[in-house]
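Text of model00.txt, listed as compact mmCIF, C-alpha atoms:
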```txt
# COMPACT_ATOMS: atom_id res chain seq x y z
CA MET A 30 17.37 -27.02 -32.77
CA LEU A 31 17.27 -26.56 -28.98
CA TRP A 32 14.24 -27.43 -26.88
CA ARG A 33 13.33 -27.17 -23.20
CA VAL A 34 11.32 -30.25 -22.23
CA ARG A 35 9.52 -30.95 -18.96
CA THR A 36 7.99 -34.31 -18.20
CA THR A 37 6.83 -36.36 -15.22
CA LEU A 38 8.28 -39.85 -14.74
CA ASP A 39 7.55 -42.65 -12.30
CA ASP A 40 9.89 -42.54 -9.30
CA ARG A 41 11.48 -45.94 -9.90
CA PRO A 42 14.92 -47.19 -10.87
CA GLY A 43 15.54 -46.99 -14.59
CA ALA A 44 12.74 -44.56 -15.50
CA LEU A 45 15.13 -41.76 -16.45
CA ALA A 46 17.45 -44.26 -18.15
CA GLU A 47 14.60 -45.32 -20.46
CA LEU A 48 14.11 -41.71 -21.52
CA THR A 49 17.82 -41.08 -22.10
CA THR A 50 18.11 -44.31 -24.08
CA ALA A 51 15.17 -43.30 -26.27
CA CYS A 52 16.79 -39.90 -26.90
CA GLY A 53 20.12 -41.49 -27.80
CA SER A 54 18.52 -43.96 -30.20
CA ALA A 55 16.70 -41.13 -31.96
CA GLY A 56 19.81 -38.95 -32.30
CA VAL A 57 18.60 -36.44 -29.71
CA ASN A 58 21.38 -34.99 -27.55
CA ILE A 59 20.76 -34.16 -23.86
CA LEU A 60 22.62 -30.94 -23.02
CA GLY A 61 21.10 -30.12 -19.64
CA LEU A 62 19.08 -31.82 -16.90
CA GLN A 63 17.27 -30.68 -13.75
CA VAL A 64 15.46 -33.08 -11.45
CA PHE A 65 12.54 -31.97 -9.24
CA PRO A 66 11.79 -34.86 -6.83
CA GLY A 67 8.27 -35.70 -5.69
CA VAL A 68 6.59 -38.33 -3.50
CA ASP A 69 5.96 -41.04 -6.07
CA ARG A 70 6.73 -39.23 -9.32
CA VAL A 71 9.62 -37.05 -10.49
CA THR A 72 9.58 -34.01 -12.77
CA ASP A 73 12.57 -33.76 -15.09
CA GLU A 74 13.53 -30.71 -17.14
CA LEU A 75 15.85 -31.37 -20.07
CA VAL A 76 17.51 -29.17 -22.65
CA LEU A 77 17.66 -31.21 -25.85
CA ARG A 78 19.22 -30.72 -29.26
CA THR A 79 17.32 -32.42 -32.08
CA PRO A 80 17.90 -32.74 -35.81
CA ASP A 81 16.72 -29.67 -37.73
CA SER A 82 13.82 -31.60 -39.26
CA TRP A 83 12.21 -32.28 -35.85
CA ASP A 84 9.27 -30.25 -34.60
CA LEU A 85 7.49 -29.96 -31.25
CA ALA A 86 5.12 -32.86 -31.93
CA ASP A 87 7.98 -35.22 -32.83
CA LEU A 88 9.78 -34.52 -29.56
CA ALA A 89 6.64 -34.77 -27.44
CA ASP A 90 5.85 -38.14 -29.01
CA LEU A 91 9.36 -39.41 -28.27
CA VAL A 92 9.12 -38.44 -24.59
CA GLU A 93 5.64 -39.92 -24.17
CA ARG A 94 6.69 -43.23 -25.75
CA ALA A 95 9.57 -43.36 -23.27
CA GLY A 96 7.13 -43.18 -20.35
CA GLY A 97 6.84 -39.42 -19.81
CA THR A 98 3.52 -37.78 -18.91
CA ARG A 99 2.44 -34.13 -18.65
CA VAL A 100 4.95 -33.32 -21.36
CA SER A 101 5.75 -29.67 -22.09
CA VAL A 102 7.99 -28.78 -25.04
CA LEU A 103 9.17 -25.26 -25.87
CA PRO A 104 11.91 -24.01 -28.18
CA CYS A 105 14.77 -22.30 -26.34
CA THR A 106 18.23 -20.82 -26.80
CA GLU A 107 21.60 -21.58 -25.26
CA ALA A 108 20.59 -19.33 -22.36
CA ALA A 109 18.62 -22.34 -21.06
CA LEU A 110 21.97 -23.98 -20.27
CA ALA A 111 22.88 -21.34 -17.68
CA ASP A 112 23.76 -22.70 -14.24
CA GLN A 113 20.54 -22.72 -12.19
CA PRO A 114 21.99 -21.76 -8.77
CA THR A 115 23.72 -18.83 -10.46
CA ARG A 116 20.42 -17.73 -12.01
CA TYR A 117 18.75 -17.66 -8.59
CA VAL A 118 21.63 -15.73 -7.00
CA LEU A 119 21.49 -13.13 -9.78
CA ALA A 120 17.70 -12.92 -9.41
CA ALA A 121 18.06 -12.31 -5.67
CA ARG A 122 20.61 -9.56 -6.33
CA SER A 123 18.24 -7.88 -8.79
CA ILE A 124 15.40 -8.01 -6.26
CA LEU A 125 17.55 -6.61 -3.47
CA ALA A 126 18.59 -3.71 -5.71
CA GLU A 127 15.03 -3.00 -6.87
CA PRO A 128 12.21 -4.76 -4.93
CA ALA A 129 9.54 -3.44 -7.31
CA SER A 130 11.13 -5.51 -10.09
CA PHE A 131 10.08 -8.71 -8.30
CA PRO A 132 7.20 -9.64 -10.69
CA ASP A 133 9.38 -9.26 -13.76
CA VAL A 134 12.37 -11.06 -12.23
CA VAL A 135 10.45 -14.11 -11.02
CA ALA A 136 8.49 -14.35 -14.28
CA GLN A 137 11.75 -14.60 -16.21
CA LEU A 138 13.26 -16.95 -13.64
CA PHE A 139 10.38 -19.43 -13.92
CA ASP A 140 9.74 -18.93 -17.67
CA ALA A 141 6.24 -17.69 -16.85
CA GLU A 142 3.89 -14.76 -17.38
CA ALA A 143 3.28 -12.40 -14.45
CA ASP A 144 -0.49 -11.89 -14.13
CA PRO A 145 -1.02 -12.38 -17.89
CA ASP A 146 -3.91 -11.10 -19.93
CA ALA A 147 -5.95 -13.92 -21.44
CA THR A 148 -5.98 -12.27 -24.88
CA GLY A 149 -3.55 -13.80 -27.32
CA LEU A 150 -2.10 -16.37 -24.93
CA SER A 151 -2.25 -20.13 -25.29
CA PRO A 152 -4.26 -21.99 -22.63
CA LEU A 153 -2.39 -21.91 -19.33
CA MET A 154 -2.10 -25.08 -17.29
CA ASP A 155 -0.73 -24.07 -13.94
CA GLY A 156 -0.14 -21.11 -11.68
CA MET A 157 1.83 -19.98 -8.65
CA ASP A 158 0.73 -17.11 -6.41
CA LEU A 159 3.45 -15.40 -4.40
CA GLU A 160 2.46 -13.10 -1.55
CA ILE A 161 4.31 -10.03 -0.32
CA GLY A 162 2.16 -8.91 2.57
CA ASP A 163 -1.23 -8.33 0.95
CA VAL A 164 0.15 -7.98 -2.58
CA VAL A 165 -0.18 -11.08 -4.76
CA VAL A 166 2.10 -11.74 -7.73
CA GLN A 167 0.46 -14.32 -10.00
CA LEU A 168 2.62 -16.45 -12.28
CA ARG A 169 1.09 -18.56 -15.05
CA ARG A 170 2.72 -20.94 -17.53
CA THR A 171 2.06 -24.08 -19.52
CA ALA A 172 4.40 -26.41 -17.60
CA PRO A 173 3.21 -27.30 -14.07
CA PHE A 174 5.14 -25.72 -11.21
CA THR A 175 6.96 -28.21 -9.00
CA ALA A 176 7.03 -28.23 -5.20
CA ALA A 177 10.67 -27.14 -5.35
CA GLU A 178 9.76 -24.14 -7.50
CA HIS A 179 6.96 -23.16 -5.14
CA ALA A 180 9.47 -23.24 -2.28
CA ARG A 181 11.98 -21.15 -4.25
CA GLY A 182 9.33 -18.62 -5.25
CA SER A 183 8.14 -18.29 -1.65
CA ALA A 184 11.71 -17.75 -0.47
CA LEU A 185 12.18 -14.93 -2.98
CA ALA A 186 8.87 -13.36 -1.91
CA GLU A 187 10.04 -13.49 1.71
CA LEU A 188 13.24 -11.77 0.61
CA VAL A 189 11.22 -8.86 -0.84
CA THR A 190 9.15 -8.67 2.35
CA ASP A 191 12.30 -8.47 4.48
CA VAL A 192 13.77 -5.75 2.24
CA LEU A 193 10.60 -3.68 2.45
CA ASP A 194 10.33 -4.16 6.22
CA ALA A 195 13.92 -2.99 6.63
CA ALA A 196 13.26 0.06 4.45
CA ALA A 197 10.16 0.92 6.49
CA VAL A 198 12.17 1.53 9.64
CA THR A 199 14.30 4.17 7.92
CA ALA A 200 13.51 7.57 9.35
CA ALA A 201 11.14 9.61 7.21
CA PRO A 202 12.38 13.02 6.04
CA GLU A 203 11.16 15.92 8.08
CA PRO A 204 8.50 17.95 6.27
CA GLN A 205 9.50 21.42 5.20
CA ASP A 206 7.51 24.61 5.65
CA VAL A 207 4.65 22.73 7.36
CA SER A 208 4.33 21.98 11.05
CA THR A 209 5.17 18.39 12.00
CA ASP A 210 2.73 18.56 14.92
CA GLN A 211 -0.33 18.27 12.69
CA GLU A 212 -1.72 15.13 11.07
CA PRO A 213 -3.10 15.42 7.54
CA VAL A 214 -6.87 15.63 7.23
CA LEU A 215 -8.44 13.76 4.32
CA GLU A 216 -10.99 15.68 2.27
CA VAL A 217 -13.18 13.81 -0.24
CA ARG A 218 -14.24 15.84 -3.26
CA ASP A 219 -15.74 15.04 -6.63
CA GLY A 220 -13.20 12.78 -8.33
CA GLU A 221 -10.44 13.20 -5.75
CA VAL A 222 -9.27 12.75 -2.18
CA ARG A 223 -6.90 15.31 -0.67
CA ALA A 224 -4.58 15.20 2.33
CA VAL A 225 -4.50 18.68 3.85
CA VAL A 226 -2.34 20.14 6.62
CA ALA A 227 -2.95 23.70 7.80
CA GLY A 228 -4.77 24.50 4.58
CA VAL A 229 -1.95 23.12 2.40
CA VAL A 230 -2.56 20.11 0.13
CA VAL A 231 0.28 17.65 0.81
CA GLY A 232 -1.16 14.68 -1.09
CA GLN A 233 -3.86 13.91 -3.61
CA ALA A 234 -5.55 10.90 -5.22
CA THR A 235 -7.59 11.42 -8.37
CA TRP A 236 -9.45 8.88 -10.47
CA GLU A 237 -11.43 8.37 -13.61
CA GLY A 238 -13.32 5.44 -15.12
CA ASP A 239 -16.61 3.58 -15.20
CA ASP A 240 -18.28 3.55 -11.76
CA LYS A 241 -19.38 -0.05 -12.33
CA HIS A 242 -15.98 -1.37 -13.34
CA ALA A 243 -12.50 0.05 -12.76
CA TRP A 244 -11.27 3.34 -11.37
CA TYR A 245 -7.88 4.41 -12.71
CA VAL A 246 -6.11 6.16 -9.86
CA GLU A 247 -3.26 8.65 -9.84
CA LEU A 248 -1.50 9.36 -6.56
CA ALA A 249 0.81 12.22 -5.66
CA VAL A 250 2.36 13.13 -2.30
CA ASP A 251 4.53 16.15 -1.66
CA PRO A 252 8.17 14.97 -1.37
CA ALA A 253 8.49 16.53 2.07
CA TRP A 254 5.60 14.38 3.33
CA ARG A 255 6.48 11.04 1.79
CA ARG A 256 7.19 7.85 3.77
CA ARG A 257 4.60 8.85 6.36
CA GLY A 258 1.75 6.63 5.20
CA ILE A 259 -0.16 9.41 3.43
CA GLY A 260 -0.20 7.62 0.08
CA SER A 261 -1.64 4.49 1.67
CA ARG A 262 -4.31 6.52 3.48
CA LEU A 263 -5.26 8.26 0.25
CA LEU A 264 -5.52 4.94 -1.55
CA LEU A 265 -7.58 3.37 1.22
CA GLU A 266 -9.99 6.33 1.30
CA THR A 267 -10.30 6.15 -2.48
CA ALA A 268 -11.22 2.47 -2.11
CA ARG A 269 -13.95 3.38 0.37
CA VAL A 270 -15.41 5.94 -2.03
CA ALA A 271 -15.19 3.45 -4.88
CA ARG A 272 -17.09 0.86 -2.85
CA THR A 273 -19.99 3.24 -2.30
CA SER A 274 -20.07 3.81 -6.06
CA GLU A 275 -20.10 0.04 -6.72
CA ALA A 276 -16.80 0.12 -8.61
CA GLN A 277 -15.21 -3.33 -8.81
CA GLU A 278 -11.52 -2.45 -8.61
CA LEU A 279 -8.92 0.27 -8.41
CA VAL A 280 -6.12 0.30 -10.96
CA VAL A 281 -2.91 2.10 -9.98
CA ARG A 282 -0.26 2.58 -12.64
CA THR A 283 3.24 3.89 -12.05
CA ALA A 284 6.72 3.70 -13.55
CA ALA A 285 8.27 0.24 -13.49
CA ASP A 286 11.22 1.52 -11.43
CA ASN A 287 9.08 3.23 -8.77
CA PRO A 288 10.24 1.71 -5.44
CA ALA A 289 7.31 3.15 -3.45
CA VAL A 290 4.40 1.24 -4.97
CA LEU A 291 4.75 -2.00 -2.97
CA PRO A 292 5.05 -0.29 0.44
CA LEU A 293 2.14 1.97 -0.53
CA VAL A 294 -0.23 -0.90 -1.28
CA LEU A 295 0.98 -2.92 1.70
CA GLY A 296 0.21 0.03 3.95
CA THR A 297 -3.48 -0.05 3.02
CA GLY A 298 -4.12 -3.64 4.07
CA LEU A 299 -5.90 -4.12 0.73
CA ARG A 300 -5.12 -7.20 -1.32
CA GLY A 301 -3.79 -6.38 -4.77
CA ARG A 302 -2.49 -8.09 -7.89
CA ILE A 303 0.66 -6.64 -9.37
CA ARG A 304 1.91 -6.86 -12.94
CA MET A 305 5.19 -5.60 -14.34
CA GLY A 306 5.27 -4.33 -17.92
CA SER A 307 8.22 -3.11 -19.94
CA ASP A 308 7.82 0.49 -18.80
CA ASP A 309 5.11 0.50 -16.17
CA LEU A 310 3.86 -1.39 -13.13
CA THR A 311 0.14 -1.96 -12.56
CA VAL A 312 -1.60 -2.86 -9.31
CA ARG A 313 -5.23 -3.97 -9.38
CA ILE A 314 -7.08 -3.83 -6.06
CA PRO A 315 -10.56 -5.40 -5.71
CA VAL A 316 -12.58 -3.00 -3.56
CA ARG A 317 -15.05 -5.71 -2.52
CA ARG A 318 -12.48 -6.82 0.10
CA LEU A 319 -12.67 -3.47 1.85
CA ALA A 320 -15.24 -4.73 4.33
CA THR A 321 -12.68 -7.18 5.77
CA VAL A 322 -10.00 -4.54 6.33
```
What's the structure tokens form of this structure?
Amino acid sequence: MLWRVRTTLDDRPGALAELTTACGSAGVNILGLQVFPGVDRVTDELVLRTPDSWDLADLADLVERAGGTRVSVLPCTEAALADQPTRYVLAARSILAEPASFPDVVAQLFDAEADPDATGLSPLMDGMDLEIGDVVVQLRRTAPFTAAEHARGSALAELVTDVLDAAAVTAAPEPQDVSTDQEPVLEVRDGEVRAVVAGVVVGQATWEGDDKHAWYVELAVDPAWRRRGIGSRLLLETARVARTSEAQELVVRTAADNPAVLPLVLGTGLRGRIRMGSDDLTVRIPVRRLATV
């Protein structure tokens, strides 16, 4: 049986040796080891193979008796033995190819949940919030995040920011059949906001939901008018309308592979929380922050 174990040890000579000796005496084989240094204590992550009769409690007791604290034990597969630098390089490649996959990629990289629902999950001990502009990706897991992991997560978030900034300078496509000399005018109607140019609707935001809770928003911009900030303006105007109706948040859902959602939210200046599902990507935006924008 393979297990991934995290524990905190005193930063003193022999502390790790005591743990490895205890494992050897109990017939537990150490297959992998990562060390996350701290100021006066060290976090160690081990991949262990135990006899088939062992369970989680047996292993946790062994580590605690050997001096470990804040012990986290989870079953794992041989995938846990993958080279860690290689994992981070592959994660960076995935993010470069598809920036919107960032929540899913970092969640897998850190064995965490990206903005998890409370329902059905075990109590969560620690979290790490990664910011891409005004979008926050929240990671939660049982094992505490180390300072090294916070630094790695921040570096990956900066990578996404750089990719999006580089994409933003790409020239927008020229609109077709509509004069480029006119700026869209936003029209607020019952249940929708429209962007209109010369009488033609070039973008639209519609919503439904409980006025006191969440508005579920759908956004559409004519392909000829995309990458011009219209989607962000529509979303921001929708947030203003929602605030006057005392709605608590906007919920924007789109396909998981939609590359436009992060730039769209960033363009509003609103602070959102993003969650990647298997097929869709959800951004929740608290409208109470609108007054600070």
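With distances taken over all atoms listed in the file, A:Leu185 is the one residue among A:Leu185, A:Ala234, A:Ile161, A:Val68 lying closest to A:Tyr117.
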Close residues, stretch 71-76 of chain A itself excluded, 6 Å, all atoms listed in the file, min 6 positions apart in chain, as a list in words: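 Non-adjacent residues within range: Trp32, Arg33, Val34, Arg35, Thr36, Thr37, Leu38, Asp40, Leu60, Gly61, Leu62, Gln63, Val64 and Phe65 of chain A.
Of the residues under consideration (A:Gly220, A:Pro132, A:Gly53, A:Pro213), A:Pro213 shows the shortest atom-to-atom contact distance to A:Gly232 when counting only C-alpha atoms.
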Shell around A:Val230 at 10 Å using only C-alpha atoms, local window under 6 positions removed, as a PyMOL selection string: chain A and resi 213-216+223-224+250-251
Residue neighbourhood A:Thr79, 8 Å, only C-alpha atoms, exclusion window fewer than 4 positions, as a ChimeraX atom specification: /A:30-32,56-58,83
Residue nearest A:Val294 - candidates A:Leu119, A:Ala129, A:Gly228, A:Val222, atoms counted: all atoms listed in the file: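 Answer, going by the shortest atom-to-atom distance: A:Ala129.
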Atom pair atom CA of A:Val231 / atom CA of A:Ile314: separation (Å): 23.7 Å
Could you pull the residues within 6 Å of A:Gly301, counting all atoms listed in the file, minus those fewer than 2 positions along the same chain, as an mmCIF file with C-alpha atoms, in the coordinates of the input?
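Contents of selection29.cif, freshly written:
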```cif
data_model
loop_
_atom_site.group_PDB
_atom_site.id
_atom_site.type_symbol
_atom_site.label_atom_id
_atom_site.label_comp_id
_atom_site.auth_asym_id
_atom_site.auth_seq_id
_atom_site.Cartn_x
_atom_site.Cartn_y
_atom_site.Cartn_z
ATOM 1 C CA VAL A 164 0.150 -7.980 -2.580
ATOM 2 C CA VAL A 165 -0.180 -11.080 -4.760
ATOM 3 C CA ARG A 313 -5.230 -3.970 -9.380
ATOM 4 C CA ILE A 314 -7.080 -3.830 -6.060
#
```
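Atom pair atom CA of A:Asp140 / atom CA of A:Thr171 has a distance of 9.4 Å (rounded to one decimal).
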Kindly compute an axis-aligned box around the listed atoms of stretch 170-180 of chain A, allowing 4 Å on each side, and express its centre and edge lengths in Å to one decimal as AutoDock Vina command-line options.
```
--center_x 6.4 --center_y -24.6 --center_z -10.9 --size_x 16.6 --size_y 15.3 --size_z 25.2
```
A:Val281, A:Val316, A:Val226, A:Ala51 ranked by distance to A:Trp254, top pick (using only C-alpha atoms):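 The closest residue to A:Trp254 is A:Val226.
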